[in-house]
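Colleague: Please find entry-v5.cif (mmCIF, C-alpha atoms) on the next line:
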data_data
#
loop_
_atom_site.label_atom_id
_atom_site.label_comp_id
_atom_site.auth_asym_id
_atom_site.auth_seq_id
_atom_site.Cartn_x
_atom_site.Cartn_y
_atom_site.Cartn_z
CA MET A 1176 38.94 46.46 -13.72
CA ALA A 1177 36.48 44.97 -16.24
CA LYS A 1178 36.83 46.11 -19.84
CA ARG A 1179 34.08 48.29 -21.27
CA ASP A 1180 32.10 47.22 -24.31
CA TYR A 1181 34.06 48.17 -27.45
CA TYR A 1182 30.99 49.56 -29.23
CA GLU A 1183 30.31 51.73 -26.20
CA VAL A 1184 33.91 52.96 -26.16
CA LEU A 1185 33.64 54.12 -29.78
CA GLY A 1186 30.07 55.32 -29.41
CA VAL A 1187 28.74 53.25 -32.31
CA PRO A 1188 25.95 50.67 -32.66
CA LYS A 1189 26.78 46.96 -32.94
CA GLY A 1190 25.98 46.74 -36.66
CA VAL A 1191 28.12 49.77 -37.63
CA ASN A 1192 29.77 49.65 -41.05
CA VAL A 1193 33.51 50.12 -41.57
CA ASP A 1194 33.29 53.72 -42.83
CA ASP A 1195 31.22 54.90 -39.86
CA LEU A 1196 33.54 52.98 -37.53
CA LYS A 1197 36.57 54.82 -38.93
CA LYS A 1198 34.77 58.15 -38.71
CA ALA A 1199 33.91 57.60 -35.05
CA PHE A 1200 37.43 56.47 -34.26
CA ARG A 1201 38.95 59.49 -36.01
CA GLN A 1202 36.82 61.92 -34.04
CA LYS A 1203 37.57 60.36 -30.68
CA ALA A 1204 41.28 59.93 -31.49
CA ARG A 1205 41.58 63.67 -32.01
CA GLN A 1206 39.66 64.27 -28.80
CA TYR A 1207 41.69 62.03 -26.49
CA HIS A 1208 45.20 61.99 -27.96
CA PRO A 1209 47.60 62.85 -25.08
CA ASP A 1210 49.42 65.47 -27.14
CA VAL A 1211 46.14 67.35 -27.50
CA ASN A 1212 44.23 66.45 -24.35
CA LYS A 1213 46.22 67.10 -21.19
CA GLU A 1214 43.68 65.63 -18.78
CA PRO A 1215 45.15 62.84 -16.59
CA GLU A 1216 42.79 60.16 -17.91
CA ALA A 1217 43.23 61.08 -21.60
CA GLU A 1218 46.01 58.59 -22.30
CA GLU A 1219 44.09 55.67 -20.77
CA LYS A 1220 41.00 56.59 -22.78
CA PHE A 1221 43.17 56.87 -25.88
CA LYS A 1222 44.56 53.36 -25.35
CA GLU A 1223 41.08 51.99 -24.70
CA LEU A 1224 39.88 53.66 -27.89
CA ASN A 1225 42.66 52.16 -29.96
CA GLU A 1226 42.09 48.71 -28.51
CA ALA A 1227 38.43 48.89 -29.43
CA PHE A 1228 39.18 50.06 -32.97
CA ALA A 1229 41.89 47.41 -33.48
CA VAL A 1230 39.36 44.68 -32.68
CA LEU A 1231 36.26 46.03 -34.45
CA SER A 1232 38.15 46.97 -37.61
CA ASP A 1233 39.44 43.39 -37.94
CA GLU A 1234 36.74 41.17 -39.45
CA GLU A 1235 37.84 37.98 -37.69
CA LYS A 1236 38.36 39.57 -34.28
CA ARG A 1237 35.07 41.46 -34.55
CA ALA A 1238 33.16 38.26 -35.31
CA THR A 1239 34.78 36.55 -32.31
CA TYR A 1240 34.01 39.51 -30.05
CA ASP A 1241 30.37 39.69 -31.19
CA ARG A 1242 29.86 36.02 -30.31
CA PHE A 1243 32.01 35.53 -27.21
CA GLY A 1244 33.00 38.99 -25.95
CA HIS A 1245 36.35 39.79 -24.34
CA GLU A 1246 36.84 36.21 -23.14
CA GLY A 1247 36.66 34.96 -26.71
CA LEU A 1248 39.43 37.34 -27.75
CA ASN A 1249 41.62 36.20 -24.88
CA ARG A 1250 41.23 32.60 -25.98
CA MET A 1251 41.89 33.60 -29.57
CA GLY A 1252 45.32 34.84 -28.43
CA GLY A 1253 45.70 37.26 -31.32
CA MET A 1254 45.06 40.62 -29.67
CA PRO A 1255 47.98 42.80 -28.54
CA ASN A 1256 48.01 44.19 -25.01
CA TYR A 1257 47.43 47.88 -25.64
CA SER A 1258 47.32 48.70 -21.93
CA THR A 1259 51.12 48.52 -21.69
CA MET A 1260 51.94 50.30 -24.96
CA ASP A 1261 53.05 53.85 -25.53
CA ALA A 1262 50.27 55.96 -27.02
CA MET A 1263 52.09 56.64 -30.30
CA ASP A 1264 53.24 53.01 -30.56
CA ILE A 1265 49.57 52.12 -30.97
CA PHE A 1266 49.31 54.40 -33.99
CA GLU A 1267 52.51 52.99 -35.44
CA GLU A 1268 51.16 49.44 -35.11
CA LEU A 1269 47.85 50.36 -36.76
CA PHE A 1270 49.02 52.78 -39.46
CA GLY A 1271 52.82 52.47 -39.75
CA ASN A 1272 55.48 54.92 -38.60
CA PHE A 1273 53.58 58.19 -38.92
CA GLY A 1274 53.42 61.52 -37.14
CA PHE A 1275 50.37 63.79 -37.20
CA GLY A 1276 50.54 66.83 -39.42
CA GLY A 1277 48.81 69.72 -37.65
CA PHE A 1278 48.88 68.27 -34.12
CA GLY A 1279 51.38 70.81 -32.84
CA SER A 1280 54.20 69.15 -30.93
CA MET A 1281 53.11 65.67 -31.93
CA GLY A 1282 54.87 65.74 -35.26
CA GLY A 1283 58.19 66.37 -33.56
CA SER A 1284 57.64 64.46 -30.36
CA ARG A 1285 58.30 61.11 -32.04
CA SER A 1286 61.09 62.32 -34.27
CA ARG A 1287 64.12 60.13 -33.83
CA GLY A 1288 66.56 62.73 -35.07
CA ARG A 1289 69.95 61.39 -36.00
CA SER A 1290 70.63 57.72 -35.56
CA SER A 1291 70.79 56.80 -31.91
CA ALA A 1292 73.85 55.27 -30.34
CA ARG A 1293 74.29 51.63 -31.28
CA ARG A 1294 76.29 48.95 -29.50
CA GLY A 1295 79.22 47.53 -31.43
CA ARG A 1296 79.13 44.13 -33.09
CA ASP A 1297 79.96 41.09 -30.96
CA LEU A 1298 82.75 38.75 -32.06
CA SER A 1299 83.33 35.07 -31.37
CA LEU A 1300 86.45 32.93 -31.14
CA ARG A 1301 86.97 29.21 -30.47
CA VAL A 1302 89.73 28.12 -28.08
CA THR A 1303 90.81 24.47 -27.79
CA LEU A 1304 92.08 23.19 -24.43
CA GLU A 1305 93.75 20.04 -23.23
CA PHE A 1306 91.67 17.96 -20.80
CA GLU A 1307 93.81 18.94 -17.81
CA GLU A 1308 93.69 22.65 -18.79
CA ALA A 1309 89.89 22.55 -18.74
CA VAL A 1310 89.93 20.90 -15.32
CA HIS A 1311 92.49 23.11 -13.61
CA GLY A 1312 92.08 26.36 -15.54
CA VAL A 1313 94.73 28.05 -17.62
CA GLU A 1314 95.92 31.38 -19.00
CA LYS A 1315 95.68 31.37 -22.78
CA GLU A 1316 97.02 33.89 -25.24
CA ILE A 1317 94.46 34.52 -27.96
CA GLU A 1318 94.71 36.37 -31.25
CA TYR A 1319 91.86 37.76 -33.32
CA THR A 1320 91.07 40.63 -35.68
CA ARG A 1321 88.51 43.35 -35.02
CA ALA A 1322 87.52 46.73 -36.40
CA GLU A 1323 88.75 49.74 -34.43
CA ASN A 1324 88.24 53.46 -34.87
CA CYS A 1325 90.68 54.82 -37.43
CA PRO A 1326 93.65 56.32 -35.57
CA VAL A 1327 94.13 59.00 -38.25
CA CYS A 1328 90.62 60.49 -38.41
CA GLN A 1329 89.62 59.35 -34.89
CA GLY A 1330 86.60 57.58 -36.31
CA SER A 1331 85.08 60.59 -38.09
CA GLY A 1332 85.77 59.23 -41.57
CA ALA A 1333 86.96 62.64 -42.75
CA GLU A 1334 90.52 63.54 -43.76
CA PRO A 1335 92.32 65.37 -40.93
CA GLY A 1336 91.81 69.12 -41.33
CA THR A 1337 88.32 68.62 -42.75
CA SER A 1338 84.99 67.85 -41.16
CA PRO A 1339 81.92 65.84 -42.16
CA LEU A 1340 79.29 67.93 -43.96
CA ARG A 1341 75.62 68.27 -43.18
CA CYS A 1342 73.62 65.80 -45.27
CA PRO A 1343 71.95 67.69 -48.15
CA ASN A 1344 69.10 65.17 -48.38
CA CYS A 1345 67.82 65.40 -44.79
CA GLY A 1346 69.40 68.69 -43.70
CA GLY A 1347 71.31 66.97 -40.93
CA SER A 1348 68.27 65.49 -39.17
CA GLY A 1349 69.01 61.93 -40.22
CA GLU A 1350 65.39 61.52 -41.32
CA VAL A 1351 63.25 62.17 -44.36
CA ARG A 1352 59.50 62.81 -44.15
CA GLN A 1353 56.63 62.22 -46.53
CA MET A 1354 53.06 63.54 -46.18
CA HIS A 1355 50.21 61.03 -46.43
CA GLN A 1356 46.43 61.38 -46.19
CA THR A 1357 44.86 58.84 -43.79
CA ILE A 1358 41.58 58.41 -41.96
CA LEU A 1359 43.05 60.59 -39.22
CA GLY A 1360 43.92 63.40 -41.61
CA SER A 1361 47.34 64.48 -42.83
CA MET A 1362 50.10 62.32 -41.40
CA VAL A 1363 53.83 62.35 -41.90
CA GLN A 1364 55.78 59.14 -42.49
CA VAL A 1365 59.28 59.30 -41.04
CA ALA A 1366 62.14 57.17 -42.42
CA THR A 1367 65.89 57.01 -41.96
CA CYS A 1368 67.73 59.04 -44.57
CA SER A 1369 69.26 56.73 -47.17
CA THR A 1370 71.98 59.21 -48.12
CA CYS A 1371 73.62 59.48 -44.70
CA ALA A 1372 72.20 56.28 -43.14
CA GLY A 1373 70.66 58.36 -40.37
CA THR A 1374 73.87 60.05 -39.20
CA GLY A 1375 72.92 63.47 -40.58
CA GLU A 1376 76.40 63.81 -42.08
CA VAL A 1377 78.21 62.97 -45.30
CA ILE A 1378 81.94 62.76 -45.82
CA GLY A 1379 83.17 65.42 -48.25
CA THR A 1380 86.87 64.48 -48.15
CA PRO A 1381 87.24 60.86 -47.01
CA CYS A 1382 90.14 59.91 -44.75
CA LYS A 1383 92.89 58.38 -46.88
CA HIS A 1384 93.83 55.88 -44.19
CA CYS A 1385 90.38 54.27 -43.81
CA ASN A 1386 88.80 55.47 -47.09
CA GLY A 1387 86.04 57.14 -45.12
CA SER A 1388 84.88 53.91 -43.47
CA LYS A 1389 85.79 55.29 -39.99
CA THR A 1390 87.34 51.98 -38.89
CA VAL A 1391 90.36 49.84 -39.72
CA GLN A 1392 91.03 46.16 -39.09
CA LYS A 1393 93.53 45.48 -36.32
CA ALA A 1394 95.07 42.26 -34.98
CA VAL A 1395 94.60 41.94 -31.22
CA THR A 1396 96.55 39.73 -28.85
CA LYS A 1397 95.24 39.17 -25.32
CA THR A 1398 95.92 36.86 -22.40
CA VAL A 1399 92.69 35.33 -21.10
CA ASN A 1400 92.24 33.65 -17.73
CA ILE A 1401 90.09 30.54 -18.30
CA PRO A 1402 88.70 29.16 -15.02
CA GLY A 1403 88.87 25.52 -14.04
CA GLY A 1404 85.73 23.52 -14.71
CA VAL A 1405 84.96 24.68 -18.25
CA ASP A 1406 83.83 22.11 -20.80
CA THR A 1407 83.13 21.90 -24.50
CA GLY A 1408 80.42 24.44 -25.28
CA THR A 1409 81.23 26.77 -22.38
CA GLN A 1410 81.22 30.44 -23.43
CA ILE A 1411 83.31 33.14 -21.80
CA ARG A 1412 82.27 36.75 -22.42
CA LEU A 1413 84.86 39.53 -22.54
CA THR A 1414 82.93 42.79 -22.32
CA GLY A 1415 84.21 45.64 -24.45
CA GLU A 1416 86.51 43.47 -26.56
CA GLY A 1417 84.27 43.42 -29.65
CA GLU A 1418 83.97 46.08 -32.33
CA PRO A 1419 83.36 49.79 -31.65
CA GLY A 1420 79.84 51.14 -31.35
CA ALA A 1421 78.24 53.68 -33.69
CA ASN A 1422 77.33 57.24 -32.74
CA GLY A 1423 78.98 56.95 -29.34
CA GLY A 1424 77.52 53.55 -28.50
CA PRO A 1425 79.41 51.04 -26.31
CA GLN A 1426 81.87 48.54 -27.71
CA GLY A 1427 80.65 44.99 -28.37
CA SER A 1428 81.82 41.87 -26.58
CA LEU A 1429 84.08 38.97 -27.50
CA TYR A 1430 82.64 35.51 -26.86
CA ILE A 1431 85.16 32.70 -26.40
CA GLU A 1432 83.74 29.24 -27.08
CA ILE A 1433 85.59 26.42 -25.38
CA ARG A 1434 86.41 23.08 -26.99
CA VAL A 1435 88.13 20.38 -24.90
CA LYS A 1436 90.24 17.63 -26.46
CA PRO A 1437 89.40 14.06 -25.43
CA HIS A 1438 91.84 12.44 -22.99
CA LYS A 1439 93.66 9.17 -23.56
CA PHE A 1440 92.39 7.65 -20.30
CA PHE A 1441 89.87 9.94 -18.61
CA ARG A 1442 86.24 10.53 -19.49
CA ARG A 1443 84.03 13.25 -18.10
CA LYS A 1444 80.33 13.51 -17.28
CA ASP A 1445 79.43 16.88 -15.77
CA ASP A 1446 81.94 17.31 -12.90
CA THR A 1447 82.75 13.60 -12.48
CA ILE A 1448 85.79 11.98 -14.09
CA TYR A 1449 85.68 8.29 -15.03
CA LEU A 1450 88.67 5.97 -15.42
CA ASP A 1451 88.61 2.35 -16.60
CA LEU A 1452 91.33 0.35 -14.82
CA ASN A 1453 92.56 -3.14 -15.67
CA LEU A 1454 93.61 -5.54 -12.89
CA ASN A 1455 95.06 -8.96 -13.43
CA LEU A 1456 93.30 -12.00 -12.05
CA VAL A 1457 95.59 -12.32 -9.04
CA GLN A 1458 95.21 -8.65 -8.04
CA ALA A 1459 91.44 -8.84 -8.21
CA THR A 1460 91.32 -12.17 -6.33
CA LEU A 1461 93.84 -11.53 -3.56
CA GLY A 1462 93.60 -7.74 -3.33
CA THR A 1463 96.42 -5.25 -3.62
CA ARG A 1464 97.55 -1.65 -3.28
CA ILE A 1465 97.90 0.24 -6.57
CA GLN A 1466 98.72 3.73 -7.80
CA VAL A 1467 95.80 5.21 -9.77
CA PRO A 1468 96.28 8.13 -12.18
CA THR A 1469 94.22 11.26 -11.51
CA VAL A 1470 94.30 14.78 -12.98
CA ASP A 1471 96.26 15.76 -9.84
CA GLY A 1472 98.83 12.98 -10.13
CA GLU A 1473 98.88 9.41 -8.84
CA GLU A 1474 96.71 8.41 -5.89
CA GLU A 1475 97.07 5.21 -3.83
CA MET A 1476 94.01 2.99 -3.78
CA ILE A 1477 93.41 -0.28 -1.90
CA ILE A 1478 91.83 -3.11 -3.90
CA PRO A 1479 90.14 -5.53 -1.49
CA PRO A 1480 90.28 -9.29 -2.11
CA GLY A 1481 87.56 -10.67 -4.36
CA THR A 1482 87.02 -7.47 -6.35
CA GLN A 1483 84.65 -8.20 -9.24
CA PRO A 1484 84.69 -6.78 -12.79
CA GLY A 1485 82.58 -3.64 -12.95
CA LYS A 1486 83.25 -2.68 -9.34
CA VAL A 1487 83.40 1.12 -8.99
CA PHE A 1488 85.64 2.90 -6.51
CA THR A 1489 85.31 6.60 -5.71
CA LEU A 1490 88.19 9.00 -5.17
CA ARG A 1491 86.59 11.97 -3.43
CA GLU A 1492 87.17 15.46 -4.86
CA LYS A 1493 89.50 14.22 -7.59
CA GLY A 1494 87.10 15.28 -10.33
CA VAL A 1495 86.37 18.61 -12.01
CA PRO A 1496 86.02 21.86 -10.01
CA HIS A 1497 82.46 23.22 -9.92
CA LEU A 1498 82.43 26.14 -12.33
CA ARG A 1499 79.98 28.29 -10.38
CA ALA A 1500 80.43 26.95 -6.84
CA ASN A 1501 83.08 25.88 -4.41
CA GLY A 1502 84.45 22.34 -4.31
CA ARG A 1503 84.87 19.78 -7.05
CA GLY A 1504 83.48 16.49 -8.28
CA ASP A 1505 84.79 12.96 -7.74
CA GLN A 1506 86.73 10.46 -9.80
CA LYS A 1507 85.11 7.08 -10.41
CA VAL A 1508 87.46 4.14 -11.02
CA ILE A 1509 85.77 1.26 -12.86
CA ILE A 1510 87.50 -2.08 -12.44
CA ASN A 1511 88.02 -4.50 -15.31
CA VAL A 1512 89.71 -7.85 -14.73
CA SER A 1513 92.14 -8.70 -17.51
CA ILE A 1514 92.17 -12.39 -18.50
CA PRO A 1515 95.53 -13.57 -19.90
CA LYS A 1516 95.44 -14.84 -23.49
CA ARG A 1517 98.73 -16.75 -23.28
CA LEU A 1518 100.13 -18.80 -20.40
CA SER A 1519 103.45 -20.46 -19.83
CA LYS A 1520 103.47 -24.19 -19.01
CA GLU A 1521 104.01 -23.43 -15.35
CA GLN A 1522 101.14 -20.91 -15.28
CA ARG A 1523 98.79 -23.26 -17.09
CA ALA A 1524 99.59 -26.06 -14.64
CA LEU A 1525 98.85 -23.76 -11.72
CA PHE A 1526 95.49 -22.67 -13.22
CA GLU A 1527 94.52 -26.28 -13.91
CA GLU A 1528 95.34 -27.23 -10.35
CA LEU A 1529 93.33 -24.24 -9.11
CA GLY A 1530 90.42 -25.10 -11.39
CA GLU A 1531 90.07 -28.55 -9.85
CA THR A 1532 89.31 -26.93 -6.50
CA MET A 1533 86.66 -24.46 -7.78
CA ASP A 1534 82.95 -24.80 -8.59
CA THR A 1535 82.34 -25.44 -12.30
CA GLU A 1536 78.59 -24.73 -12.35
CA VAL A 1537 77.56 -22.14 -14.97
CA ILE A 1538 75.10 -19.57 -13.53
CA PRO A 1539 73.53 -16.68 -15.52
CA VAL A 1540 74.36 -13.26 -14.06
CA GLU A 1541 71.89 -10.40 -13.76
CA ARG A 1542 72.55 -7.21 -15.66
CA GLY A 1543 75.08 -5.31 -13.61
CA PHE A 1544 76.45 -1.87 -12.99
CA PHE A 1545 79.02 -2.01 -15.76
CA GLU A 1546 76.38 -2.43 -18.45
CA SER A 1547 74.25 0.32 -16.94
CA LEU A 1548 77.21 2.65 -16.87
CA ARG A 1549 77.98 1.91 -20.51
CA ASP A 1550 74.39 2.78 -21.41
CA PHE A 1551 74.71 5.95 -19.35
CA PHE A 1552 77.61 7.17 -21.50
CA ASN A 1553 76.10 6.01 -24.76
CA GLY A 1554 73.08 8.03 -24.25
#
Represent the supplied structure as structure tokens.

Modeller:
Amino acid sequence: MAKRDYYEVLGVPKGVNVDDLKKAFRQKARQYHPDVNKEPEAEEKFKELNEAFAVLSDEEKRATYDRFGHEGLNRMGGMPNYSTMDAMDIFEELFGNFGFGGFGSMGGSRSRGRSSARRGRDLSLRVTLEFEEAVHGVEKEIEYTRAENCPVCQGSGAEPGTSPLRCPNCGGSGEVRQMHQTILGSMVQVATCSTCAGTGEVIGTPCKHCNGSKTVQKAVTKTVNIPGGVDTGTQIRLTGEGEPGANGGPQGSLYIEIRVKPHKFFRRKDDTIYLDLNLNLVQATLGTRIQVPTVDGEEEMIIPPGTQPGKVFTLREKGVPHLRANGRGDQKVIINVSIPKRLSKEQRALFEELGETMDTEVIPVERGFFESLRDFFNG
């Protein structure tokens, strides 16, 4: 539905000054506030009213609206969406955290009372794995320290046989209030009590075991099942293994960050494992059967005659298990032909004899797979 003209909403002329604008807004705010007006459409009118005032009371937004209307404000991108906000949240955004004095239930309706339940603090721990452990998965015993509710006072902070006392500063409400005069009349600013930190209680006789802090540090040892397929940077969340919550809130989580040691032979890219393999000149020329190392043990592979340097062979499903799916990646075996640096007299004679039978023309070679693969790993 199209928005109404903001001046019409507030019932003021276009050239209205700031004082008259505030006066009009104050009158209509009292008329349509949902805690006063119980008609079904009151809350929507109240939100519309606040939206209009938020724009027209801002010099920059008002100038934009006067020239370009609602479309100009949308392009400006600086106007909050009041249509989805709670009625009192609008007042808090415009005037701070206030409650009306003299609006009956309104003053108490937004009272937060004692501090609400808060989730406990999350903890983090780094675990280092061997390459094969990351591929296959492993059970790891971890040790860390966390705060736990004091076993002597059961987390109350008070010495056994005593109880926390009602806070003398806030009377146990967890809040302190101050009266302010605003354009809407007398309003009450609500803040968390600094004496009790919003709990509504103070410790008269602190627990000797925890010195009234309610928690103690405890070393924790756990066995964690790390699934196959993790890699450096993977995080594992253990719900409820962090620190205790406040005011009955849930316990935090423990986040385990994985680091994987580099392997002597294998390299990894996503779920594919790469292995560089040296063949001698005879093996590459005549072909052979060889045993190739994999993370599962040795695997036989046939090298066909005439295999060139940079040739890549694929061992299906010998790579890393997919972390969030069935199956696993492959292993790529990249062939390198090793040229001997020293030859015996007999070997040299054989190579010279062979060389006389081969083409000696020098031909430039196009950039091949091996160079592309090197660039792939280098970034």

Colleague: Here's the selection I'm unsure about, the PyMOL selection byres ((chain A and resi 1199) around 12); applied to the file above, which residues does it give, as a count of residues only?

Modeller: 30

Colleague: Counting all atoms listed in the file, what is within 8 Å of segment 1317-1330 of chain A, bar same-chain residues fewer than 2 positions away, as a ChimeraX atom specification?

Modeller: /A:1298,1300,1302,1315,1332-1335,1382,1384-1385,1389-1399,1417-1419

Colleague: Check which residues satisfy the PyMOL selection byres ((chain A and resi 1431) around 6) in the file shown, then give them as an NGL selection string.

Modeller: :A and (1299-1301 or 1410-1411 or 1430 or 1432)

Colleague: Which one is closest to Gln1426 of chain A: A:Gln1466, A:Gly1295, A:Asn1455, A:Gly1502? Count only C-alpha atoms.

Modeller: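 Of A:Gln1466, A:Gly1295, A:Asn1455, A:Gly1502, the one nearest Gln1426 of chain A is A:Gly1295, counting only C-alpha atoms.
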
Colleague: Can you spell out as a ChimeraX atom specification the set of residues that the PyMOL selection byres ((chain A and resi 1496-1499) around 9) selects in the structure I just provided?

Modeller: /A:1310-1311,1402-1405,1446,1492-1495,1500-1504

Colleague: To one decimal in Å, tell me the separation between atom CA of Leu1340 of chain A and atom CA of Gly1379 of chain A.

Modeller: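 For atom CA of Leu1340 of chain A relative to atom CA of Gly1379 of chain A, the distance reads 6.3 Å.
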
Colleague: Can you list, as a list in words, every protein, DNA or RNA residue that comes within 7 Å of Gly1420 of chain A when you count all atoms listed in the file, leaving out same-chain residues fewer than 3 positions away?

Modeller: Arg1293, Arg1294, Gly1295, Gly1423, Gly1424, Pro1425, Gln1426 and Gly1427 of chain A

Colleague: Extract, using only C-alpha atoms, all DNA, RNA and protein residues at most 7 Å from Arg1352 of chain A, discarding same-chain residues fewer than 2 positions from it, and format them as a PyMOL selection string.

Modeller: chain A and resi 1350+1354+1363-1366

Colleague: What gap, in Å, lies between atom CA of Thr1414 of chain A and atom CA of Asp1297 of chain A?

Modeller: 9.3 Å

Colleague: Write out as a list in words each polymer residue whose atoms come within 10 Å of Gln1458 of chain A, counting all atoms listed in the file; drop sequence neighbours fewer than 6 positions from it.

Modeller: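 Surrounding residues, per the criterion: Arg1464, Ile1465, Ile1478, Pro1479, Pro1480, Gly1481, Thr1482, Val1512 and Ser1513 of chain A.
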
Colleague: Atom CA of Gly1485 of chain A to atom CA of Asp1471 of chain A: how many Å, to one decimal?

Modeller: 23.9 Å

Colleague: My list of candidates is A:Arg1412, A:Arg1341, A:Arg1491, A:Lys1222. Which is closest to Val1377 of chain A when distances are computed with only C-alpha atoms?

Modeller: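 Closest residue, counting only C-alpha atoms: A:Arg1341.
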